[in-house]
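*Asks:* Submitted below is the structure of interest, expressed as structure tokens.
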Amino acid sequence: MSTQENRPFAVVTGASSGIGFELAKVLAEEGFDLLITAEDAEIDGAQRELNQLTASVECTRLDLSREEEINRLYERIQAAARPVDVLVLNAGIGAGGDFARETELRKELRLIDLNVRSTVHLCKLVVQDMVARDQGRILFTSSIASTMPGAYQAVYNASKSFVQSFALAIRNELKDTDLTVTSLMPGPTETEFFERADMLDTPVGEEEKDDPAEVARQGYEALMAGREKVVGGSFKNKAQTVLGKVVPDSVKAEMHRKMAQPATAGEKEER
Ligand SMILES: NC(=O)c1ccc[n+]([C@@H]2O[C@H](COP(=O)([O-])OP(=O)(O)OC[C@H]3O[C@@H](n4cnc5c(N)ncnc54)[C@H](OP(=O)(O)O)[C@@H]3O)[C@@H](O)[C@H]2O)c1
């Protein structure tokens with residue numbers, strides 16, 4: 001019989017919906033106990049659903065864009081009084097639009113607080129415990145956006161470039177340990193992301209997207225295999241990242257513009 005002593009334990013941020021929920025689901029299916037977190041009440045529904053799959057699912061509602069709430073999450077982790085076998089740093093938001101003429105600085109700074117600051121902060125706290133035990137796996141939800149300048153999504157892509165670089169750097173620093181660090185790089189995936197980023201009115205917002213369950217399964221397998229990174233979803237995403245290695249940044253920025261420019265911005269240009 002499985003007991004808390006022999007079941008592994010995973011902490012997943014941004015687990016109420018989309019890729020984070022699906023990652024938590026795979027982990028539950030694979031026998032992990034979970035501590036899941038998100039900001040809104042939807043996390044309670046996620047907890048109920050995940051509870052059908054694994055005996056122990058704790059959840060906590062926190063705004064991880066706030067430093068003190070990251071400290072509260074770490075207190076919850078410590079209160080669990082068990083080692084974190086897997087840390088999934090997934091919570092993130094987007095922000096579409098024209099940086100100079102349209103978007104709100106307040107929202108963009110909050111994006112940086114969540115996507116960048118909270119990722120570094122929580123990683124710092126948990127990885128130190130992992131290093132002390134010489135055991136643990138960390139999965140960062142990065143993005144294929146990390147590989148291209150994000151015209152009409154400038155701050156978001158920059159935040160994911162940060163996450164990608166950070167993940168690969170600490171992976172290297174930890175190469176002499178038993179820890180693993182993996183970057184999951186999804187392409188456009190069918191979640192609440194585009195609506196929340198105000199990007200439904202863009203070609204990428206309107207196009208058919210990858211299944212978050214498939215992306216999560218790819219992320220889980222890469223994590224457990226200790227791989228450096230995995231491009232999630234369709235072959236198109238993989239081709240885009242391979243091609244991205246030889247295409248100049250200015251061309252990638254122009255390609256991104258075509259995907260992320262709102263229809264209304266196009267109208268303005270035609271006038
Ligand atoms: N969808 C894509 O096309 C795509 C592609 C590449 C990478 N990604 C990345 O995948 C990750 C997950 O996004 P998703 O696509 O699955 O979108 P999603 O469905 O909107 O999920 C985002 C998750 O982050 C949580 N979150 C948002 N703001 C938070 C805050 N201030 N504090 C704590 N939690 C917060 C949300 O919880 P609440 O609802 O409670 O706020 C939710 O659980 C993000 O890092 C995103 O950048 C997405």
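Scheme for the structure tokens: letters A, B, ... for chains in order shown; per-chain residue numbers from 1; ligand numbers from 1 in order shown.
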List all protein, DNA and RNA residues that have at least one atom no more than 7 Å from any atom of ligand 1, counting only C-alpha atoms and all ligand atoms, and write them as a PDB file with N, CA, C and O atoms, in the first residue's frame.
*Replies:*
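Output below, filename result_3.pdb:
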ATOM      1  N   THR A  13       2.813  25.504  -9.452  1.00  0.00           N
ATOM      2  CA  THR A  13       2.212  26.844  -9.447  1.00  0.00           C
ATOM      3  C   THR A  13       1.380  27.029 -10.718  1.00  0.00           C
ATOM      4  O   THR A  13       1.677  26.440 -11.759  1.00  0.00           O
ATOM      5  N   GLY A  14       0.336  27.830 -10.586  1.00  0.00           N
ATOM      6  CA  GLY A  14      -0.535  28.064 -11.750  1.00  0.00           C
ATOM      7  C   GLY A  14      -1.257  26.798 -12.157  1.00  0.00           C
ATOM      8  O   GLY A  14      -1.401  26.493 -13.336  1.00  0.00           O
ATOM      9  N   ALA A  15      -1.755  26.074 -11.150  1.00  0.00           N
ATOM     10  CA  ALA A  15      -2.317  24.735 -11.413  1.00  0.00           C
ATOM     11  C   ALA A  15      -3.839  24.736 -11.542  1.00  0.00           C
ATOM     12  O   ALA A  15      -4.449  23.681 -11.608  1.00  0.00           O
ATOM     13  N   SER A  16      -4.456  25.921 -11.601  1.00  0.00           N
ATOM     14  CA  SER A  16      -5.921  25.929 -11.651  1.00  0.00           C
ATOM     15  C   SER A  16      -6.461  25.687 -13.050  1.00  0.00           C
ATOM     16  O   SER A  16      -7.606  25.283 -13.210  1.00  0.00           O
ATOM     17  N   SER A  17      -5.664  25.969 -14.069  1.00  0.00           N
ATOM     18  CA  SER A  17      -6.164  25.830 -15.444  1.00  0.00           C
ATOM     19  C   SER A  17      -4.995  25.559 -16.391  1.00  0.00           C
ATOM     20  O   SER A  17      -3.828  25.602 -15.998  1.00  0.00           O
ATOM     21  N   GLY A  18      -5.357  25.274 -17.638  1.00  0.00           N
ATOM     22  CA  GLY A  18      -4.377  25.190 -18.716  1.00  0.00           C
ATOM     23  C   GLY A  18      -3.259  24.180 -18.494  1.00  0.00           C
ATOM     24  O   GLY A  18      -3.477  23.078 -17.986  1.00  0.00           O
ATOM     25  N   ILE A  19      -2.064  24.585 -18.856  1.00  0.00           N
ATOM     26  CA  ILE A  19      -0.908  23.680 -18.841  1.00  0.00           C
ATOM     27  C   ILE A  19      -0.580  23.252 -17.409  1.00  0.00           C
ATOM     28  O   ILE A  19      -0.266  22.086 -17.153  1.00  0.00           O
ATOM     29  N   GLY A  20      -0.689  24.183 -16.458  1.00  0.00           N
ATOM     30  CA  GLY A  20      -0.375  23.870 -15.056  1.00  0.00           C
ATOM     31  C   GLY A  20      -1.327  22.840 -14.480  1.00  0.00           C
ATOM     32  O   GLY A  20      -0.903  21.916 -13.771  1.00  0.00           O
ATOM     33  N   PHE A  21      -2.622  22.990 -14.793  1.00  0.00           N
ATOM     34  CA  PHE A  21      -3.590  21.996 -14.320  1.00  0.00           C
ATOM     35  C   PHE A  21      -3.261  20.628 -14.924  1.00  0.00           C
ATOM     36  O   PHE A  21      -3.267  19.609 -14.217  1.00  0.00           O
ATOM     37  N   THR A  37      -1.189  25.593  -6.415  1.00  0.00           N
ATOM     38  CA  THR A  37      -1.495  26.983  -6.070  1.00  0.00           C
ATOM     39  C   THR A  37      -1.894  27.772  -7.306  1.00  0.00           C
ATOM     40  O   THR A  37      -1.477  27.470  -8.423  1.00  0.00           O
ATOM     41  N   ALA A  38      -2.781  28.746  -7.057  1.00  0.00           N
ATOM     42  CA  ALA A  38      -3.173  29.727  -8.073  1.00  0.00           C
ATOM     43  C   ALA A  38      -3.788  30.890  -7.320  1.00  0.00           C
ATOM     44  O   ALA A  38      -3.859  30.868  -6.084  1.00  0.00           O
ATOM     45  N   GLU A  39      -4.249  31.879  -8.083  1.00  0.00           N
ATOM     46  CA  GLU A  39      -4.713  33.094  -7.426  1.00  0.00           C
ATOM     47  C   GLU A  39      -6.211  33.063  -7.125  1.00  0.00           C
ATOM     48  O   GLU A  39      -6.660  33.524  -6.077  1.00  0.00           O
ATOM     49  N   ASP A  40      -6.983  32.507  -8.047  1.00  0.00           N
ATOM     50  CA  ASP A  40      -8.446  32.627  -7.945  1.00  0.00           C
ATOM     51  C   ASP A  40      -9.104  31.337  -7.437  1.00  0.00           C
ATOM     52  O   ASP A  40      -8.452  30.291  -7.324  1.00  0.00           O
ATOM     53  N   ALA A  41     -10.425  31.458  -7.220  1.00  0.00           N
ATOM     54  CA  ALA A  41     -11.182  30.356  -6.601  1.00  0.00           C
ATOM     55  C   ALA A  41     -11.219  29.087  -7.456  1.00  0.00           C
ATOM     56  O   ALA A  41     -11.498  27.996  -6.935  1.00  0.00           O
ATOM     57  N   GLU A  42     -10.915  29.200  -8.756  1.00  0.00           N
ATOM     58  CA  GLU A  42     -10.914  28.035  -9.652  1.00  0.00           C
ATOM     59  C   GLU A  42     -10.004  26.914  -9.111  1.00  0.00           C
ATOM     60  O   GLU A  42     -10.202  25.748  -9.427  1.00  0.00           O
ATOM     61  N   ILE A  43      -9.039  27.275  -8.309  1.00  0.00           N
ATOM     62  CA  ILE A  43      -8.097  26.281  -7.774  1.00  0.00           C
ATOM     63  C   ILE A  43      -8.821  25.245  -6.914  1.00  0.00           C
ATOM     64  O   ILE A  43      -8.410  24.086  -6.847  1.00  0.00           O
ATOM     65  N   LEU A  62      -2.938  32.111  -3.724  1.00  0.00           N
ATOM     66  CA  LEU A  62      -1.946  33.159  -3.469  1.00  0.00           C
ATOM     67  C   LEU A  62      -1.710  33.950  -4.740  1.00  0.00           C
ATOM     68  O   LEU A  62      -1.737  33.391  -5.848  1.00  0.00           O
ATOM     69  N   ASP A  63      -1.442  35.231  -4.564  1.00  0.00           N
ATOM     70  CA  ASP A  63      -1.030  36.060  -5.692  1.00  0.00           C
ATOM     71  C   ASP A  63       0.497  36.059  -5.723  1.00  0.00           C
ATOM     72  O   ASP A  63       1.150  36.774  -4.972  1.00  0.00           O
ATOM     73  N   LEU A  64       1.042  35.252  -6.605  1.00  0.00           N
ATOM     74  CA  LEU A  64       2.500  35.067  -6.604  1.00  0.00           C
ATOM     75  C   LEU A  64       3.246  36.255  -7.218  1.00  0.00           C
ATOM     76  O   LEU A  64       4.481  36.256  -7.226  1.00  0.00           O
ATOM     77  N   SER A  65       2.518  37.243  -7.695  1.00  0.00           N
ATOM     78  CA  SER A  65       3.231  38.448  -8.145  1.00  0.00           C
ATOM     79  C   SER A  65       3.661  39.288  -6.935  1.00  0.00           C
ATOM     80  O   SER A  65       4.346  40.288  -7.088  1.00  0.00           O
ATOM     81  N   ASN A  90       5.300  27.206 -13.045  1.00  0.00           N
ATOM     82  CA  ASN A  90       4.480  27.332 -14.247  1.00  0.00           C
ATOM     83  C   ASN A  90       3.644  28.599 -14.323  1.00  0.00           C
ATOM     84  O   ASN A  90       3.341  29.072 -15.411  1.00  0.00           O
ATOM     85  N   ALA A  91       3.277  29.180 -13.164  1.00  0.00           N
ATOM     86  CA  ALA A  91       2.361  30.332 -13.189  1.00  0.00           C
ATOM     87  C   ALA A  91       2.915  31.437 -14.080  1.00  0.00           C
ATOM     88  O   ALA A  91       4.084  31.802 -13.970  1.00  0.00           O
ATOM     89  N   GLY A  92       2.063  31.941 -14.960  1.00  0.00           N
ATOM     90  CA  GLY A  92       2.521  33.003 -15.857  1.00  0.00           C
ATOM     91  C   GLY A  92       1.348  33.630 -16.576  1.00  0.00           C
ATOM     92  O   GLY A  92       0.291  33.011 -16.738  1.00  0.00           O
ATOM     93  N   ILE A  93       1.549  34.861 -17.000  1.00  0.00           N
ATOM     94  CA  ILE A  93       0.526  35.579 -17.759  1.00  0.00           C
ATOM     95  C   ILE A  93       1.167  36.271 -18.953  1.00  0.00           C
ATOM     96  O   ILE A  93       2.380  36.478 -18.977  1.00  0.00           O
ATOM     97  N   GLY A  94       0.318  36.627 -19.927  1.00  0.00           N
ATOM     98  CA  GLY A  94       0.797  37.363 -21.093  1.00  0.00           C
ATOM     99  C   GLY A  94       0.238  38.773 -21.090  1.00  0.00           C
ATOM    100  O   GLY A  94      -0.571  39.137 -20.235  1.00  0.00           O
ATOM    101  N   LEU A 114       5.342  38.350 -11.833  1.00  0.00           N
ATOM    102  CA  LEU A 114       4.911  36.946 -11.792  1.00  0.00           C
ATOM    103  C   LEU A 114       5.863  36.046 -12.601  1.00  0.00           C
ATOM    104  O   LEU A 114       6.431  35.092 -12.063  1.00  0.00           O
ATOM    105  N   ASN A 115       6.017  36.361 -13.882  1.00  0.00           N
ATOM    106  CA  ASN A 115       6.754  35.443 -14.764  1.00  0.00           C
ATOM    107  C   ASN A 115       8.240  35.356 -14.404  1.00  0.00           C
ATOM    108  O   ASN A 115       8.850  34.290 -14.537  1.00  0.00           O
ATOM    109  N   THR A 141       8.022  26.262 -16.864  1.00  0.00           N
ATOM    110  CA  THR A 141       7.254  26.463 -18.096  1.00  0.00           C
ATOM    111  C   THR A 141       7.777  27.727 -18.754  1.00  0.00           C
ATOM    112  O   THR A 141       7.463  28.838 -18.350  1.00  0.00           O
ATOM    113  N   SER A 142       8.611  27.507 -19.744  1.00  0.00           N
ATOM    114  CA  SER A 142       9.134  28.589 -20.562  1.00  0.00           C
ATOM    115  C   SER A 142       8.208  28.729 -21.761  1.00  0.00           C
ATOM    116  O   SER A 142       6.978  28.634 -21.606  1.00  0.00           O
ATOM    117  N   SER A 143       8.730  28.894 -22.935  1.00  0.00           N
ATOM    118  CA  SER A 143       7.878  29.033 -24.132  1.00  0.00           C
ATOM    119  C   SER A 143       8.776  29.072 -25.351  1.00  0.00           C
ATOM    120  O   SER A 143       9.945  29.483 -25.255  1.00  0.00           O
ATOM    121  N   ILE A 144       8.196  28.719 -26.516  1.00  0.00           N
ATOM    122  CA  ILE A 144       8.978  28.956 -27.737  1.00  0.00           C
ATOM    123  C   ILE A 144       9.117  30.475 -27.972  1.00  0.00           C
ATOM    124  O   ILE A 144       9.995  30.925 -28.689  1.00  0.00           O
ATOM    125  N   ALA A 145       8.258  31.248 -27.288  1.00  0.00           N
ATOM    126  CA  ALA A 145       8.368  32.715 -27.354  1.00  0.00           C
ATOM    127  C   ALA A 145       9.723  33.188 -26.828  1.00  0.00           C
ATOM    128  O   ALA A 145      10.164  34.290 -27.157  1.00  0.00           O
ATOM    129  N   MET A 185       8.900  24.126 -23.321  1.00  0.00           N
ATOM    130  CA  MET A 185       8.705  25.246 -24.257  1.00  0.00           C
ATOM    131  C   MET A 185       7.471  25.005 -25.120  1.00  0.00           C
ATOM    132  O   MET A 185       7.588  24.536 -26.261  1.00  0.00           O
ATOM    133  N   PRO A 186       6.305  25.343 -24.587  1.00  0.00           N
ATOM    134  CA  PRO A 186       5.106  25.151 -25.414  1.00  0.00           C
ATOM    135  C   PRO A 186       5.045  26.197 -26.524  1.00  0.00           C
ATOM    136  O   PRO A 186       5.593  27.297 -26.402  1.00  0.00           O
ATOM    137  N   GLY A 187       4.338  25.825 -27.598  1.00  0.00           N
ATOM    138  CA  GLY A 187       3.906  26.815 -28.591  1.00  0.00           C
ATOM    139  C   GLY A 187       2.496  27.237 -28.210  1.00  0.00           C
ATOM    140  O   GLY A 187       2.041  26.959 -27.086  1.00  0.00           O
ATOM    141  N   PRO A 188       1.776  27.897 -29.128  1.00  0.00           N
ATOM    142  CA  PRO A 188       0.412  28.313 -28.803  1.00  0.00           C
ATOM    143  C   PRO A 188      -0.453  27.120 -28.367  1.00  0.00           C
ATOM    144  O   PRO A 188      -0.565  26.131 -29.081  1.00  0.00           O
ATOM    145  N   THR A 189      -1.008  27.232 -27.183  1.00  0.00           N
ATOM    146  CA  THR A 189      -1.715  26.110 -26.551  1.00  0.00           C
ATOM    147  C   THR A 189      -3.094  26.589 -26.106  1.00  0.00           C
ATOM    148  O   THR A 189      -3.247  27.731 -25.663  1.00  0.00           O
ATOM    149  N   GLU A 190      -4.066  25.715 -26.218  1.00  0.00           N
ATOM    150  CA  GLU A 190      -5.470  26.074 -25.948  1.00  0.00           C
ATOM    151  C   GLU A 190      -5.736  26.201 -24.447  1.00  0.00           C
ATOM    152  O   GLU A 190      -6.060  25.210 -23.778  1.00  0.00           O
ATOM    153  N   THR A 191      -5.552  27.390 -23.926  1.00  0.00           N
ATOM    154  CA  THR A 191      -5.767  27.660 -22.497  1.00  0.00           C
ATOM    155  C   THR A 191      -6.428  29.031 -22.363  1.00  0.00           C
ATOM    156  O   THR A 191      -6.766  29.659 -23.358  1.00  0.00           O
ATOM    157  N   GLU A 192      -6.504  29.512 -21.123  1.00  0.00           N
ATOM    158  CA  GLU A 192      -7.096  30.847 -20.902  1.00  0.00           C
ATOM    159  C   GLU A 192      -6.099  31.975 -21.208  1.00  0.00           C
ATOM    160  O   GLU A 192      -6.411  33.152 -21.084  1.00  0.00           O
ATOM    161  N   PHE A 193      -4.895  31.571 -21.581  1.00  0.00           N
ATOM    162  CA  PHE A 193      -3.791  32.533 -21.738  1.00  0.00           C
ATOM    163  C   PHE A 193      -4.121  33.705 -22.677  1.00  0.00           C
ATOM    164  O   PHE A 193      -3.914  34.867 -22.335  1.00  0.00           O
ATOM    165  N   PHE A 194      -4.623  33.398 -23.870  1.00  0.00           N
ATOM    166  CA  PHE A 194      -4.784  34.450 -24.888  1.00  0.00           C
ATOM    167  C   PHE A 194      -5.903  35.417 -24.520  1.00  0.00           C
ATOM    168  O   PHE A 194      -5.799  36.616 -24.775  1.00  0.00           O
ATOM    169  N   ARG A 196      -6.753  36.151 -21.411  1.00  0.00           N
ATOM    170  CA  ARG A 196      -6.230  36.975 -20.316  1.00  0.00           C
ATOM    171  C   ARG A 196      -5.205  38.002 -20.801  1.00  0.00           C
ATOM    172  O   ARG A 196      -5.052  39.060 -20.211  1.00  0.00           O
TER     173      ARG A 196
END
*Asks:* Hey, what's within 8 Å of Gln135 in chain A if we count only C-alpha atoms and toss same-chain stuff fewer than 6 positions away? As a ChimeraX atom specification, please?
*Replies:* /A:85,177-179
*Asks:* Please, could you write that set of residues out with C-alpha atoms as a CSV table (one decimal), in the first residue's frame?
*Replies:*
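Now in out-v8.csv:
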chain,number,residue,atom,x,y,z
A,85,ASP,CA,10.6,15.9,-5.2
A,177,THR,CA,24.5,17.1,-8.3
A,178,ASP,CA,21.6,14.7,-8.6
A,179,LEU,CA,19.1,17.5,-9.3
*Asks:* Please compute the CA of Gln218 in chain A-CA of Leu27 in chain A distance, one decimal, in Å.
*Replies:*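 One can read the CA of Gln218 in chain A to CA of Leu27 in chain A distance as 12.1 Å.
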*Asks:* Once DSSP has gone over the backbone, tell me which residues of range 48-170 of chain A are in helix (DSSP H, G or I), as a PyMOL selection string.
*Replies:* chain A and resi 48-51+67-79+105-133+144-147+154-170
*Asks:* Which residues come within 10 Å of Leu53 in chain A, counting only C-alpha atoms, excluding same-chain residues fewer than 3 positions away, as number ranges by chain?
*Replies:* A: 25-33, 48-50, 56-57
*Asks:* Quick check, in Å to one decimal: how far apart do CA of Glu173 in chain A and CA of Ala222 in chain A lie?
*Replies:*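 Atom-to-atom, CA of Glu173 in chain A and CA of Ala222 in chain A are spaced 19.1 Å apart.
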*Asks:* Please provide as a ChimeraX atom specification all residues within 12 Å of Arg171 in chain A, with the sequence filter that same-chain residues fewer than 6 positions apart are discarded (counting only C-alpha atoms).
*Replies:* /A:127,136-140,164-165,177-183,226-229
*Asks:* Export, as a PDB file, in the first residue's frame, the selected residues with N, CA, C and O atoms.
*Replies:*
ATOM      1  N   VAL A 127      15.162  25.354  -4.266  1.00  0.00           N
ATOM      2  CA  VAL A 127      16.353  24.662  -4.775  1.00  0.00           C
ATOM      3  C   VAL A 127      17.414  24.505  -3.678  1.00  0.00           C
ATOM      4  O   VAL A 127      18.173  23.522  -3.674  1.00  0.00           O
ATOM      5  N   GLY A 136      16.018  16.168  -6.355  1.00  0.00           N
ATOM      6  CA  GLY A 136      14.891  17.007  -6.742  1.00  0.00           C
ATOM      7  C   GLY A 136      14.899  17.305  -8.234  1.00  0.00           C
ATOM      8  O   GLY A 136      15.956  17.263  -8.880  1.00  0.00           O
ATOM      9  N   ARG A 137      13.709  17.580  -8.749  1.00  0.00           N
ATOM     10  CA  ARG A 137      13.575  17.921 -10.175  1.00  0.00           C
ATOM     11  C   ARG A 137      12.774  19.211 -10.298  1.00  0.00           C
ATOM     12  O   ARG A 137      11.767  19.372  -9.606  1.00  0.00           O
ATOM     13  N   ILE A 138      13.237  20.095 -11.178  1.00  0.00           N
ATOM     14  CA  ILE A 138      12.533  21.366 -11.381  1.00  0.00           C
ATOM     15  C   ILE A 138      12.126  21.475 -12.849  1.00  0.00           C
ATOM     16  O   ILE A 138      12.936  21.232 -13.748  1.00  0.00           O
ATOM     17  N   LEU A 139      10.849  21.825 -13.050  1.00  0.00           N
ATOM     18  CA  LEU A 139      10.356  22.065 -14.408  1.00  0.00           C
ATOM     19  C   LEU A 139       9.913  23.520 -14.517  1.00  0.00           C
ATOM     20  O   LEU A 139       9.075  23.976 -13.733  1.00  0.00           O
ATOM     21  N   PHE A 140      10.504  24.230 -15.464  1.00  0.00           N
ATOM     22  CA  PHE A 140      10.095  25.601 -15.749  1.00  0.00           C
ATOM     23  C   PHE A 140       9.175  25.586 -16.963  1.00  0.00           C
ATOM     24  O   PHE A 140       9.532  24.996 -17.986  1.00  0.00           O
ATOM     25  N   GLN A 164      14.008  31.079 -19.730  1.00  0.00           N
ATOM     26  CA  GLN A 164      14.753  30.054 -20.464  1.00  0.00           C
ATOM     27  C   GLN A 164      16.248  30.119 -20.127  1.00  0.00           C
ATOM     28  O   GLN A 164      16.872  29.102 -19.811  1.00  0.00           O
ATOM     29  N   SER A 165      16.793  31.323 -20.166  1.00  0.00           N
ATOM     30  CA  SER A 165      18.220  31.485 -19.884  1.00  0.00           C
ATOM     31  C   SER A 165      18.535  31.082 -18.445  1.00  0.00           C
ATOM     32  O   SER A 165      19.518  30.376 -18.167  1.00  0.00           O
ATOM     33  N   THR A 177      25.366  17.575  -9.384  1.00  0.00           N
ATOM     34  CA  THR A 177      24.451  17.102  -8.337  1.00  0.00           C
ATOM     35  C   THR A 177      23.470  16.092  -8.944  1.00  0.00           C
ATOM     36  O   THR A 177      23.475  15.867 -10.164  1.00  0.00           O
ATOM     37  N   ASP A 178      22.592  15.569  -8.089  1.00  0.00           N
ATOM     38  CA  ASP A 178      21.556  14.667  -8.603  1.00  0.00           C
ATOM     39  C   ASP A 178      20.269  15.420  -8.945  1.00  0.00           C
ATOM     40  O   ASP A 178      19.246  14.811  -9.212  1.00  0.00           O
ATOM     41  N   LEU A 179      20.327  16.753  -8.902  1.00  0.00           N
ATOM     42  CA  LEU A 179      19.144  17.533  -9.275  1.00  0.00           C
ATOM     43  C   LEU A 179      19.030  17.605 -10.802  1.00  0.00           C
ATOM     44  O   LEU A 179      20.052  17.542 -11.501  1.00  0.00           O
ATOM     45  N   THR A 180      17.789  17.767 -11.286  1.00  0.00           N
ATOM     46  CA  THR A 180      17.624  18.026 -12.718  1.00  0.00           C
ATOM     47  C   THR A 180      16.787  19.282 -12.908  1.00  0.00           C
ATOM     48  O   THR A 180      15.930  19.600 -12.083  1.00  0.00           O
ATOM     49  N   VAL A 181      17.079  19.990 -13.994  1.00  0.00           N
ATOM     50  CA  VAL A 181      16.340  21.207 -14.332  1.00  0.00           C
ATOM     51  C   VAL A 181      15.940  21.090 -15.805  1.00  0.00           C
ATOM     52  O   VAL A 181      16.783  20.851 -16.666  1.00  0.00           O
ATOM     53  N   THR A 182      14.637  21.258 -16.060  1.00  0.00           N
ATOM     54  CA  THR A 182      14.108  21.059 -17.411  1.00  0.00           C
ATOM     55  C   THR A 182      13.244  22.249 -17.807  1.00  0.00           C
ATOM     56  O   THR A 182      12.482  22.760 -16.987  1.00  0.00           O
ATOM     57  N   SER A 183      13.366  22.645 -19.046  1.00  0.00           N
ATOM     58  CA  SER A 183      12.536  23.741 -19.557  1.00  0.00           C
ATOM     59  C   SER A 183      11.506  23.188 -20.535  1.00  0.00           C
ATOM     60  O   SER A 183      11.857  22.531 -21.519  1.00  0.00           O
ATOM     61  N   GLY A 226      15.023  13.884 -17.137  1.00  0.00           N
ATOM     62  CA  GLY A 226      16.113  14.814 -16.822  1.00  0.00           C
ATOM     63  C   GLY A 226      16.629  15.572 -18.027  1.00  0.00           C
ATOM     64  O   GLY A 226      17.766  16.047 -18.046  1.00  0.00           O
ATOM     65  N   ARG A 227      15.752  15.725 -19.043  1.00  0.00           N
ATOM     66  CA  ARG A 227      16.209  16.429 -20.253  1.00  0.00           C
ATOM     67  C   ARG A 227      16.332  17.928 -20.022  1.00  0.00           C
ATOM     68  O   ARG A 227      15.663  18.492 -19.164  1.00  0.00           O
ATOM     69  N   GLU A 228      17.176  18.555 -20.819  1.00  0.00           N
ATOM     70  CA  GLU A 228      17.398  20.001 -20.694  1.00  0.00           C
ATOM     71  C   GLU A 228      16.145  20.786 -21.068  1.00  0.00           C
ATOM     72  O   GLU A 228      15.726  21.710 -20.380  1.00  0.00           O
ATOM     73  N   LYS A 229      15.540  20.419 -22.181  1.00  0.00           N
ATOM     74  CA  LYS A 229      14.354  21.151 -22.636  1.00  0.00           C
ATOM     75  C   LYS A 229      13.530  20.290 -23.577  1.00  0.00           C
ATOM     76  O   LYS A 229      14.048  19.339 -24.171  1.00  0.00           O
TER      77      LYS A 229
END
*Asks:* Would you mind reading off the distance between CA of Leu89 in chain A and CA of Leu168 in chain A, one decimal, in Å?
*Replies:* 13.9 Å
*Asks:* With DSSP run on the backbone, what are the strand (DSSP E or B) residues within range 21-236 of chain A? I'd like them as a ChimeraX atom specification.
*Replies:* /A:33-38,57-61,86-89,136-141,179-185,189,210,229-231
*Asks:* In terms of the shortest atom-to-atom distance over only C-alpha atoms, which of A:Gly150, A:Pro212, A:Gly232, A:Gly244 is closest to Ala24 in chain A?
*Replies:*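 Between A:Gly150, A:Pro212, A:Gly232, A:Gly244, the residue approaching Ala24 in chain A most closely is A:Pro212.
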*Asks:* List as a list of chain:residue names the protein and nucleic acid residues near Pro248 in chain A, meaning an atom at most 12 Å away when only C-alpha atoms are counted, but skip any in the same chain fewer than 5 places from it.
*Replies:*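 Listed by chain and then number, they are A:Thr147, A:Met148, A:Pro149, A:Leu243, A:Ala253, A:Glu254, A:Met255.
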*Asks:* From the list A:Asn6, A:Met224, A:Ala151, A:Ala216, which residue is nearest Asp249 in chain A when using only C-alpha atoms?
*Replies:* A:Ala151
*Asks:* Determine the nearest neighbour of Val131 in chain A from the options A:Lys175, A:Lys258, A:Arg61, A:Lys160, counting only C-alpha atoms.
*Replies:*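 Checking each of A:Lys175, A:Lys258, A:Arg61, A:Lys160 against Val131 in chain A, counting only C-alpha atoms, the winner is A:Lys175.
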*Asks:* Pick from A:Asp129, A:Asp134, A:Ala197, A:Thr119: nearest to Phe166 in chain A, with only C-alpha atoms counted?
*Replies:*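 Among the listed residues, A:Thr119 lies closest to Phe166 in chain A.
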*Asks:* Kindly indicate which residue among A:Cys59, A:Leu174, A:Ala169, A:Val163 lies nearest to Ser118 in chain A, using only C-alpha atoms for the distances.
*Replies:*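 Once distances to Ser118 in chain A are computed over only C-alpha atoms, the minimum belongs to A:Val163.
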